[in-house]
There are 2 protein chains.
Amino acid sequence: MARPDTRTRILDTALRLFLAKGSEGVAVTAIEEGAGLSPGSGSFYRHFRSKDDVLAAVVDREVDRAAERRVVPGASDLAGDYLASLSALDDLRPLVGLLIREGARLPHLDRVRDVLAEQGARLDADVLAARMAAGEIPQRDAEGVASVVLFALVGHHLAASFFGGPVGVDRERFARVLASMVES
Amino acid sequence: MARPDTRTRILDTALRLFLAKGSEGVAVTAIEEGAGLSPGSGSFYRHFRSKDDVLAAVVDREVDRAAERRVVPGASDLAGDYLASLSALDDLRPLVGLLIREGARLPHLDRVRDVLAEQGARLDADVLAARMAAGEIPQRDAEGVASVVLFALVGHHLAASFFGGPVGVDRERFARVLASMVES
DNA sequence: GTCTATAACCAGATAGAC
DNA sequence: GTCTATCTGGTTATAGAC
């Protein structure tokens with residue numbers, strides 16, 4: 001595994017530092033240093049026009065990575081579905097981290113939102129409504145249940161992401177309990 | 001209602017700007033301007049030693065406000081409880097916003113965590129376990145259910161906070177559905 | 001306590017040699 | 001493509017008059 005090229009090393013370093021300190025708190029000098037370039041040299045600028053430019057490129061790359069992921073279609077049971085969703089959220093972690101730290105300042109916010117929405121689409125109220133109609137799960141406000149499930153999963157993920165580790169019960173147990181609350 | 005004193009105006013302005021842009025992105029000049037002082041004058045420094053100092057003071061004030069709030073003890077029904085919890089989270093919004101934007105850079109992080117934990121304590125697994133034992137709600141993994149409830153509420157709140165408005169179903173409906181999922 | 005003025009510093013970005 | 005060196009602008013923070 002050869003050393004990645006300079007552009008890639010800059011992107012990797014920038015992502016890491018932006019997540020740790022926010023883009024405002026990171027000097028181009030520090031990015032150069034982290035990428036193995038001489039700090040203070042303008043070598044960074046042979047690859048990106050500005051710090052905003054590299055932020056946009058970092059976001060683009062993360063969105064691309066997120067978009068590439070194929071969403072597995074409805075698995076066997078609900079608990080499995082929810083566990084898979086938590087894993088999918090894991091993959092989105094760097095992107096979500098950027099979103100949280102940079103807020104509305106992020107470029108391409110529309111595209112980011114689209115990709116996140118697509119990832120969340122599988123937790124659709126329609127699927128729940130169909131299962132309710134089929135009598136597989138109890139009749140309830142399908143849209144409301146979908147909303148509860150979505151926010152429970154996202155909340156669990158955000159807490160783990162924010163505190164840097166698992167919070168509360170582990171994810172298998174979490175998915176199991178959540179499924180049981182939907183199913184009965 | 002007289003105009004607040006300068007120190008208070010500085011704190012108010014700093015909170016607003018920090019939430020909007022993050023503390024790194026806010027110049028002391030801008031805080032002075034927002035507080036009705038002449039931008040570029042060092043008048044700010046008659047009240048705070050530095051920008052970090054005012055950040056600490058802003059956090060302190062928000063934590064104090066959060067700590068002052070009395071948590072209403074277990075109300076009549078679960079849905080009412082959950083609705084009250086969402087309102088309590090609303091009050092914490094500025095503090096949570098700071099936490100999200102500033103991350104680990106925040107001073108007094110321990111105290112912040114303590115206050116937030118206290119606010120969340122009412123969603124205790126013990127209460128659920130007692131109701132399960134009393135036969136009021138179905139027997140389930142009480143700790144797991146408490147975790148799901150907590151993250152659902154927090155997730156709902158964070159999404160609303162982040163996107164600047166209600167997301168998905170309204171909170172009454174959300175609380176009602178969540179309660180029904182716990183109760184049956 | 002607020003102002004004008006300014007010092008000291010640091011970060012973003014560029015020039016030109018190699 | 002990377003380096004040394006530097007320009008430039010903006011930000012923190014201070015000095016001293018009022």
# chains A, B, ... in the order shown; residues from 1 in each chain; ligands from 1
call {"tool": "residues_around", "arguments": {"residues": "Leu153 in chain A", "least_positions_apart": "4", "cutoff": "12 Å", "atoms": "only C-alpha atoms (C1' of nucleotides)", "output": "PyMOL selection string"}}
result
(chain A and resi 79+81-90+120+123+146-149+157-160+171-172+174-179) or (chain B and resi 147-156)
call {"tool": "interface_residues", "arguments": {"of": "chain C", "to": "chain A", "cutoff": "10 Å", "atoms": "only C-alpha atoms (C1' of nucleotides)", "output": "list in words"}}
result
DC10, DA11, DG12, DA13 and DT14 of chain C
call {"tool": "select_by_dssp", "arguments": {"residues": "chain B", "states": "alpha helix (DSSP H)", "output": "ChimeraX atom specification"}}
result
/B:6-21,28-34,51-68,78-91,93-102,109-120,125-133,142-162,171-183
call {"tool": "interface_residues", "arguments": {"of": "chain A", "to": "chain D", "cutoff": "12 Å", "atoms": "only C-alpha atoms (C1' of nucleotides)", "output": "list in words"}}
result
Asp5, Thr6, Arg7, Glu32, Gly36, Leu37, Ser38, Pro39, Gly40, Ser41, Gly42, Ser43, Phe44, Tyr45, Arg46 and His47 of chain A
call {"tool": "residues_around", "arguments": {"residues": "Ala142 in chain A", "least_positions_apart": "5", "cutoff": "7 Å", "atoms": "only C-alpha atoms (C1' of nucleotides)", "output": "compact mmCIF listing (two decimals) with all heavy atoms, in the first residue's frame"}}
result
# COMPACT_ATOMS: atom_id res chain seq x y z
N ALA A 125 -42.51 5.27 6.20
CA ALA A 125 -43.81 5.00 6.82
C ALA A 125 -44.63 4.03 5.99
O ALA A 125 -45.42 3.24 6.52
CB ALA A 125 -44.57 6.31 7.01
N LEU A 128 -44.07 0.43 6.94
CA LEU A 128 -44.77 0.12 8.19
C LEU A 128 -46.27 -0.01 7.95
O LEU A 128 -46.91 -0.93 8.47
CB LEU A 128 -44.49 1.22 9.22
CG LEU A 128 -43.11 1.20 9.86
CD1 LEU A 128 -42.90 2.43 10.71
CD2 LEU A 128 -42.93 -0.05 10.70
N ALA A 129 -46.81 0.92 7.18
CA ALA A 129 -48.24 0.90 6.91
C ALA A 129 -48.64 -0.41 6.24
O ALA A 129 -49.67 -1.01 6.58
CB ALA A 129 -48.63 2.09 6.05
call {"tool": "atom_distance", "arguments": {"atom1": "CA of Pro94 in chain B", "atom2": "CA of Arg16 in chain B"}}
result
8.9 Å
call {"tool": "closest_residue", "arguments": {"among": "B:Pro138, B:Pro4, B:Gly34, B:Gly25", "to": "chain A", "atoms": "only C-alpha atoms"}}
result
B:Gly25
call {"tool": "atom_distance", "arguments": {"atom1": "CA of Val115 in chain B", "atom2": "CA of Arg69 in chain B"}}
result
10.3 Å
call {"tool": "atom_distance", "arguments": {"atom1": "CA of Glu33 in chain A", "atom2": "CA of Leu98 in chain B"}}
result
29.4 Å
